[in-house]
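J.: What follows is a single structure, and I will ask about it in a moment.
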Amino acid sequence: MASNSSGGGGSDRRRIAQQRLRIIAGHLQGPVDGDSTVLAAECKAQGSKTEVSSEGNTVPRRRQEIMKWNGWGYSDSRFLFNKKGQAEFTGKRYRLSGMIIPGLKDWFEGTFGANLQHKTPATPILTNTAVPPATLNEAFVEEVKSTGIPFSHDAEDRVFRAHGHCLHEIFALREGKIGRVPDMVVWPSCHNDVVKIVQLACKHNVCLMPYGGGTSVSSALECPPEETRSIVSLDTSQMNRILWIDEKNLTAHVEAGIVGQDLERLLNESGYCTGHEPDSMEFSSLGGWVATRASGMKKNIYGNIEDLVIHIKMVTPRGVIEKSCQGPRMSTGPDIHHFIMGSEGTLGVVTEVTMKIRPMPEYQKYGSVVFPNFEQGVACLREVAKQRCAPASIRLMDNEQFKFGHALKPQVSSIFTSFLDGLKKFYITKFKGFDPDRLCVATLLFEGNREKVLQHEKQVYDIAAKFGGLAAGEDNGQRGYMLTFVIAYLRDLGMDYYVIGESFETSVPWDRVLDICRNVKARIIRECKDKGVQFPPLSTCRVTQTYDAGACVYFYFAFNYRGLSDPVHVYEQVEHAAREEILANGGSLSHHHGVGKLRKEWMRDTVSNVGMGMLKSVKDYVDPNNIFGNRNLL
Amino acid sequence: MASDAVYSHKDPMLKKRDDFEDILEERRTSSDLRYALRCYTPVLYKGVTPCKAGVLKSMVLQSDQLLYVINQVSKESGRAADDVREEASAILEEMAHSLQLSTVRFFAFTLSKVFKTLFRSICVNEEGIQRLQQAIQEHPVVLLPSHRSYMDFLLMSYILYTYDLALPVIAAGMDFMGMKFVGEMLRMSGAFFIRRSFGGDKLYWSVFSEYVKTMLKNGYAPVEFFLEGTRSRTSKSLTPKLGLLNIVMDPFLKGEVFDVSVVPVSISYERILEESLYARELLGVPKPKESTSGLFKARKVLSEDYGSIHVYFGQPVSVRSLAEGRVNRCQFNLVPRHVPRRPSEEIQSFVNDSAYRLVRAQEENMVLKPWVLLASLLLQNHHQNRAVGQKPGMALDELTAQAMWLRDVSRQYGAFLHWHDHTSPSEVVSSSLSLHRGLVRVCEGRIQLAVEQGGQSGPGDPLSTATPEEELFSQAVVILSCASYRNQTLHVFVRPALLASAIHIASSNQKQEVFNSFSFLRNMFSSEFILCPGATVQDFEEACYLLVKTGVLQVTQQEVLVTERGHRMLAFLTSMLDPFLQGYQVVCRFLCEEDTETLTEKLFIPAIRKFIVNHLLAGRLRYTEVLSSDLQKNALAALQRLGAVRKIKGVEPGTLKVNRVMVNSLEDTLGGKLPTQKSVSARL
């Protein structure tokens, strides 16, 4: 999605350019399939023309060159309140970049009781003395050196790989507090490098922690404090090539370190896409998706990661695990891919993945529907799921989130647009009698060929009409999706002004959706009150995915922590209570964020004792010495 | 918030209670008509709009749960689904309320008139009303009033109307429906009617539970029902019934609402309208069937003074906090929630414990009038003096002195006593006595129970023609009426009294020994008094705490010792429990002595009544109140629970099989002749 948005306005121009690129790329490719084995072996040959692509690689080894060390995303992109007290978004990368967002300040102050006078600035730079010295395994370091694989024990490099994006992790960084961090970072550039590193780690009993995009929100990257061995972060970011594309079978073989936006961009150049677009796709990696069972917003057309993956190669302490063929489905006992997917780095490193690709969609159209209330909205989504006609993406925001989205409207350029907006608002609230404090909005994204999209659109809007839904325009829809990727930037803004928050997700059967939304939101509010939070929290949710038998629900929760001595602890208690509430209401432990260390305590209840035993015995066989010692999941 | 508040029994002296306001005061000074016609705009749960009775019915008939059961019943019975649906609809028709504001206004008017004639005041704690108003806006609310009189639910609705609160829908027994016109009136004022028993009727249960849940979940109106199931004829709280409580907790447990607030309401009558009616009923004069003409005959009660009523709206109890850490709600994850299932054992025990807590919460806020202390003292005096052949009764100053002692003691034990401290004690005593002049009389300067003494009535007195048996019964009416007032104090004293009796029957002062006796007695009387199942140790500790605090006992690691000044209190407590101890022993003796081969449950009450009458007439039994069928039933239930009596499938249904050895040994243990067995389940 970021790639969609970063392109700015002219999508037509882009499409033409991409078409041209596709033709050129077709000329350059040559006999791709035949060479693939050779390629995998000679990974050092960076300049080789046979690989489909590795250029324009977004993620450098030194991530700090372009990314924040104590916040989300690119260093050049951030929200701030300018001298006039107006919110603006800096940089040039996003649609919202360089724009003034006039409504944000009022919303922010009104919702949280925050005040621009009360600032909580972050520690500006990382002081190396705060970083614990590296415990190096000299013999291991020596042998790695002899292989020529790049590595580092620079403090910044290590700190960067010691965290994901949980609130407590970022909060600590902003305060300049650094706990246990990896002692060393290595950057393999191909499968064979990984094989060598894993062998050496086994030989020298070093703890390995795979690192992909660092977007985890499950404490998965936290170094276990009890770990006494040297911890080596295995950063896959340099394994980022598409090794081949098979147009006959519509598959691509890709190195697992590639991040979502590069994968999409490079495939687009050949006229293809994977269609896998998790909200974190700018930074999260293919290997990370596999390791956490990721889900993309367009899964209705393309499927979740488990539907997309054809073949996985993973390096474990026992050796390399992979299937012998690429048959689309097999009856060969339990699917070994399902031991790998969701293993969260506890069994090995995913190095290469063959995944399905699709021709790029000819036509994309956003849309939105306003419902008089959340209940009607959910009923509509359920009906859409029942009729199996969900668009590429359909999301339903509750009233609070609708208002939030509204507050993020950039400054309009003409009086005419603001007049139109006023008219629209008048029509919905006055003429149709929607209560502005109850109405909610569904955002839609259609994809396919133009004719089918229009037909599909009509079908969905017809269903919506049965539930009192009114079409509310493309613009609202698009802004809804924009919110998804700027929200992480917004959290950093909040943290500058005493506001902390986070999102978490679950999946739940249809008949429970309304109940879980109501109860979890109410629980958050109640817990905040009980824990002494001085201001009413923001407690909101949205339904982000539909399935035949249920839906994925996202909760957003933030509060103003002025007056609390240990806000992170309070935050964690509330999130814990909210998770208990989710489970008590028939929700799952996680839909796609994974378990990590944050949600480990509920694993046994989730999968039963026997289930735990099964997973443990796999771990014990594959990694008896706990080389992959991040202690996630089990 | 609530779970602690409900069940904290640390220092009862520190219990905070609200003040009362008399709502009749305003009625006496302003127009009842204007009051009945005034603008009524109650706040509702999260601003829902009230829903028409018809809409509610169709919601119930369309509900997943009911549709599922209709299908199931149709499959099982081979009847057409439409047929079953018709039946469900008819059940609902028979059950549903049809609340109408006009009827409510009619009642508001008439009841104002009636209440002003009957009662001196109706006192309500307004802070409780404010809490309730708050609760109604936040969560669905269940009102749980105590049940001592027919008046209760009219009174509740009257109060809520007065304070502009949402009118409740009330679960009422089907017997009211028998009263032609009145039944419909009640229905229009918010009552819905349920059959007294519908054991195996799946469809009925389903319609009923769905109806209640639909009203509750949507927050249309507070749901009101009586946890005790029926009016208590003895003024003791009754063992709670769990059916409806189960139903109202279900939406929370299944996540259909965030929380449910349960508000225990304690209604205390200074003088119960049905006073002698209840006594007669307990003595076996059958209860007249509810009928409209019967109600009009009751008009003569209008001419009497029934003192005041105190209604205390307790702290709302959050079902969520009750369930916190007790119930794993994930158990509902694997079966669709509309598929009816028997509640798991975990849920059953949770609901049961909650029910006891709520009844205790009701008890705690029951207002005690000075008269209940006087009744306790006069009853004890009556039996003691008769036993030693003295003239019964006490001089006014003696009674006053004792009452003052008991006043102070009961306050220490946490009683919610309404004793005007600024009025002189003797005035308090005499005004109480005059309100209850039907039960007491003054004879030769002594105050005694208004019990006719055999042979004392002069010749020509029509009473002299009565048989001894008839005379006994007319005495018993007075005694049982008095006992019902004494019973109001039982919740204050029952745990210390059980401990006092345990000390009395235990063979030594050893703490473990005393605890065993306590545990035995508690187990024996758990159908008689409100004693939470499984809370033996807590109850023992509570009793010790109170008796130590009041200087009656010294409890060391090993021993339980009675202090010098503790004997008086201990004597009072043991005498309080003595009628029950004796009564249970008589029941045991009956089961051992009588020919019980053909005894059935149905025949038990008449047979034992005869047995007790003989004992009483022969002077082998002191306590007339043992004639109470309530006590007899509770004793039988206890014996069944302990396995000494079993119900078997004999020729007659409900034939009782008596284990005489066991019954005999229970009798001896109650009498202190046999040491209590070491209790296996609970040790200190």
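Going through the structure tokens in order, the chains are called A, B, and so on, while each chain numbers its residues from 1 and the ligands are numbered from 1 in the order shown.
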Please identify the strand (DSSP E) residues within range 98-306 of chain B (assignment by DSSP from backbone atoms) and present them as number ranges by chain.
T.: B: 121-124, 141-145, 169-173, 191-194, 223-224, 261-269
J.: Could you give me, as number ranges by chain, the residues within 9 Å of range 492-498 of chain B, counting only C-alpha atoms and dropping anything in the same chain fewer than 2 positions from it?
T.: B: 363-364, 410, 413-415, 488-490, 500-503, 517-519, 521-522, 529-531, 539-540, 542-544, 546-547, 570, 572-577
J.: Go ahead and save the picked residues with N, CA, C and O atoms, as a tab-separated table (two decimals), in the first residue's frame.
T.:
```
chain	number	residue	atom	x	y	z
B	363	GLU	N	-30.09	-9.51	53.73
B	363	GLU	CA	-30.26	-9.63	55.18
B	363	GLU	C	-29.56	-8.50	55.91
B	363	GLU	O	-30.12	-7.91	56.85
B	364	GLU	N	-28.35	-8.20	55.46
B	364	GLU	CA	-27.55	-7.21	56.16
B	364	GLU	C	-28.24	-5.85	56.25
B	364	GLU	O	-28.03	-5.11	57.21
B	410	SER	N	-26.76	-6.26	69.86
B	410	SER	CA	-27.03	-6.54	68.44
B	410	SER	C	-26.35	-5.50	67.55
B	410	SER	O	-25.93	-5.81	66.44
B	413	TYR	N	-23.03	-6.64	66.94
B	413	TYR	CA	-22.99	-7.77	65.99
B	413	TYR	C	-23.35	-7.32	64.59
B	413	TYR	O	-23.47	-8.15	63.69
B	414	GLY	N	-23.57	-6.05	64.41
B	414	GLY	CA	-23.76	-5.54	63.05
B	414	GLY	C	-25.20	-5.37	62.63
B	414	GLY	O	-25.47	-5.15	61.45
B	415	ALA	N	-26.14	-5.50	63.57
B	415	ALA	CA	-27.54	-5.37	63.18
B	415	ALA	C	-27.85	-3.94	62.74
B	415	ALA	O	-27.27	-2.98	63.26
B	488	GLN	N	-36.35	-12.33	62.50
B	488	GLN	CA	-35.69	-11.24	61.78
B	488	GLN	C	-34.30	-10.94	62.32
B	488	GLN	O	-33.47	-10.37	61.62
B	489	THR	N	-34.05	-11.34	63.56
B	489	THR	CA	-32.72	-11.09	64.12
B	489	THR	C	-31.76	-12.25	63.85
B	489	THR	O	-30.58	-12.16	64.14
B	490	LEU	N	-32.31	-13.33	63.30
B	490	LEU	CA	-31.48	-14.54	63.20
B	490	LEU	C	-30.21	-14.34	62.39
B	490	LEU	O	-29.16	-14.84	62.73
B	500	ALA	N	-22.18	-20.89	69.97
B	500	ALA	CA	-22.58	-21.05	71.37
B	500	ALA	C	-23.14	-22.45	71.62
B	500	ALA	O	-22.77	-23.13	72.57
B	501	SER	N	-24.00	-22.91	70.71
B	501	SER	CA	-24.58	-24.24	70.87
B	501	SER	C	-23.52	-25.31	70.68
B	501	SER	O	-23.56	-26.35	71.34
B	502	ALA	N	-22.56	-25.03	69.79
B	502	ALA	CA	-21.49	-26.01	69.58
B	502	ALA	C	-20.68	-26.16	70.86
B	502	ALA	O	-20.32	-27.28	71.25
B	503	ILE	N	-20.39	-25.04	71.52
B	503	ILE	CA	-19.65	-25.11	72.79
B	503	ILE	C	-20.46	-25.91	73.81
B	503	ILE	O	-19.93	-26.74	74.54
B	517	SER	N	-18.23	-29.71	66.31
B	517	SER	CA	-19.63	-29.55	66.67
B	517	SER	C	-20.27	-28.44	65.85
B	517	SER	O	-21.40	-28.56	65.37
B	518	PHE	N	-19.54	-27.35	65.71
B	518	PHE	CA	-20.03	-26.21	64.93
B	518	PHE	C	-20.34	-26.66	63.51
B	518	PHE	O	-21.41	-26.39	62.96
B	519	SER	N	-19.40	-27.38	62.96
B	519	SER	CA	-19.54	-27.83	61.60
B	519	SER	C	-20.74	-28.78	61.45
B	519	SER	O	-21.50	-28.71	60.48
B	521	LEU	N	-23.46	-28.81	63.41
B	521	LEU	CA	-24.70	-28.04	63.55
B	521	LEU	C	-24.98	-27.22	62.28
B	521	LEU	O	-26.10	-27.14	61.80
B	522	ARG	N	-23.91	-26.65	61.77
B	522	ARG	CA	-24.05	-25.81	60.60
B	522	ARG	C	-24.58	-26.64	59.42
B	522	ARG	O	-25.46	-26.22	58.68
B	529	PHE	N	-31.18	-21.93	57.91
B	529	PHE	CA	-30.64	-20.57	57.91
B	529	PHE	C	-29.80	-20.35	56.66
B	529	PHE	O	-29.41	-21.30	55.99
B	530	ILE	N	-29.50	-19.09	56.37
B	530	ILE	CA	-28.67	-18.79	55.22
B	530	ILE	C	-27.21	-18.98	55.59
B	530	ILE	O	-26.60	-18.16	56.26
B	531	LEU	N	-26.67	-20.12	55.20
B	531	LEU	CA	-25.28	-20.43	55.47
B	531	LEU	C	-24.66	-20.86	54.15
B	531	LEU	O	-25.04	-21.87	53.58
B	539	ASP	N	-17.33	-19.10	58.39
B	539	ASP	CA	-18.40	-18.86	59.35
B	539	ASP	C	-17.90	-19.03	60.78
B	539	ASP	O	-18.25	-18.26	61.67
B	540	PHE	N	-17.10	-20.06	60.98
B	540	PHE	CA	-16.55	-20.32	62.31
B	540	PHE	C	-15.68	-19.14	62.74
B	540	PHE	O	-15.79	-18.64	63.85
B	542	GLU	N	-15.84	-16.11	61.63
B	542	GLU	CA	-16.67	-14.93	61.84
B	542	GLU	C	-17.31	-14.98	63.23
B	542	GLU	O	-17.32	-13.99	63.96
B	543	ALA	N	-17.83	-16.17	63.58
B	543	ALA	CA	-18.47	-16.33	64.88
B	543	ALA	C	-17.47	-16.09	66.00
B	543	ALA	O	-17.75	-15.37	66.97
B	544	CYS	N	-16.29	-16.67	65.87
B	544	CYS	CA	-15.25	-16.47	66.89
B	544	CYS	C	-14.91	-14.99	67.00
B	544	CYS	O	-14.82	-14.44	68.10
B	546	LEU	N	-16.66	-12.37	66.33
B	546	LEU	CA	-17.70	-11.57	67.00
B	546	LEU	C	-17.73	-11.83	68.50
B	546	LEU	O	-17.82	-10.91	69.30
B	547	LEU	N	-17.63	-13.10	68.85
B	547	LEU	CA	-17.74	-13.43	70.27
B	547	LEU	C	-16.50	-13.02	71.04
B	547	LEU	O	-16.58	-12.67	72.22
B	570	LEU	N	-23.98	-15.99	76.04
B	570	LEU	CA	-24.00	-17.36	75.56
B	570	LEU	C	-25.35	-18.01	75.82
B	570	LEU	O	-25.89	-18.73	74.97
B	572	PHE	N	-28.20	-16.46	76.10
B	572	PHE	CA	-29.15	-15.88	75.17
B	572	PHE	C	-29.05	-16.56	73.80
B	572	PHE	O	-30.05	-16.93	73.18
B	573	LEU	N	-27.81	-16.74	73.34
B	573	LEU	CA	-27.61	-17.33	72.01
B	573	LEU	C	-28.09	-18.78	71.95
B	573	LEU	O	-28.74	-19.19	70.99
B	574	THR	N	-27.75	-19.55	73.00
B	574	THR	CA	-28.19	-20.95	72.95
B	574	THR	C	-29.71	-21.04	73.02
B	574	THR	O	-30.32	-21.86	72.34
B	575	SER	N	-30.33	-20.18	73.82
B	575	SER	CA	-31.80	-20.25	73.87
B	575	SER	C	-32.42	-19.86	72.53
B	575	SER	O	-33.50	-20.31	72.20
B	576	MET	N	-31.72	-19.01	71.82
B	576	MET	CA	-32.25	-18.61	70.53
B	576	MET	C	-32.32	-19.79	69.57
B	576	MET	O	-33.26	-19.96	68.82
B	577	LEU	N	-31.29	-20.62	69.66
B	577	LEU	CA	-31.22	-21.75	68.73
B	577	LEU	C	-31.95	-22.98	69.27
B	577	LEU	O	-32.25	-23.91	68.54
```
J.: Nearest residue to Ser276 in chain B out of B:Val626, B:Ala476, B:Cys51, B:Val663, using only C-alpha atoms?
T.: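 With only C-alpha atoms as the atom set, the closest residue is B:Ala476.
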J.: Go through chain A residue by residue and, counting only C-alpha atoms, keep those with an atom at most 8 Å from chain B; for each kept residue give the shortest atom pair and its distance in Å to one decimal, ordered by chain and increasing number, as a tab-separated table.
T.:
```
residue	atom	partner	partner_atom	distance
A:Asp515	CA	B:Glu256	CA	5.6
A:Ile516	CA	B:Gly255	CA	7.3
A:Arg518	CA	B:Phe258	CA	7.2
A:Asn519	CA	B:Phe258	CA	5.1
A:Ala522	CA	B:Phe258	CA	7.1
A:Arg523	CA	B:Phe258	CA	7.9
A:Leu583	CA	B:Cys330	CA	6.6
A:Ala584	CA	B:Cys330	CA	4.8
A:Asn585	CA	B:Gly255	CA	5.7
A:Gly586	CA	B:Asn333	CA	5.0
```
J.: Could you tell me which of B:Leu499, B:Leu186, B:Cys588, B:Val104 comes closest to Leu553 in chain B if we count only C-alpha atoms?
T.: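 Of the candidates, the smallest distance to Leu553 in chain B is held by B:Leu499.
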J.: List as an MDAnalysis selection string the protein and nucleic acid residues near range 305-321 of chain B, meaning an atom at most 6 Å away when only C-alpha atoms are counted, but skip any in the same chain fewer than 2 places from it.
T.: chainID B and resid 2 118:125 128 259:271 323:324
J.: What's around His418 in chain B at 7 Å? Count only C-alpha atoms, leave out sequence neighbours fewer than 5 positions away in its own chain, and write the answer as a ChimeraX atom specification.
T.: /B:367-370
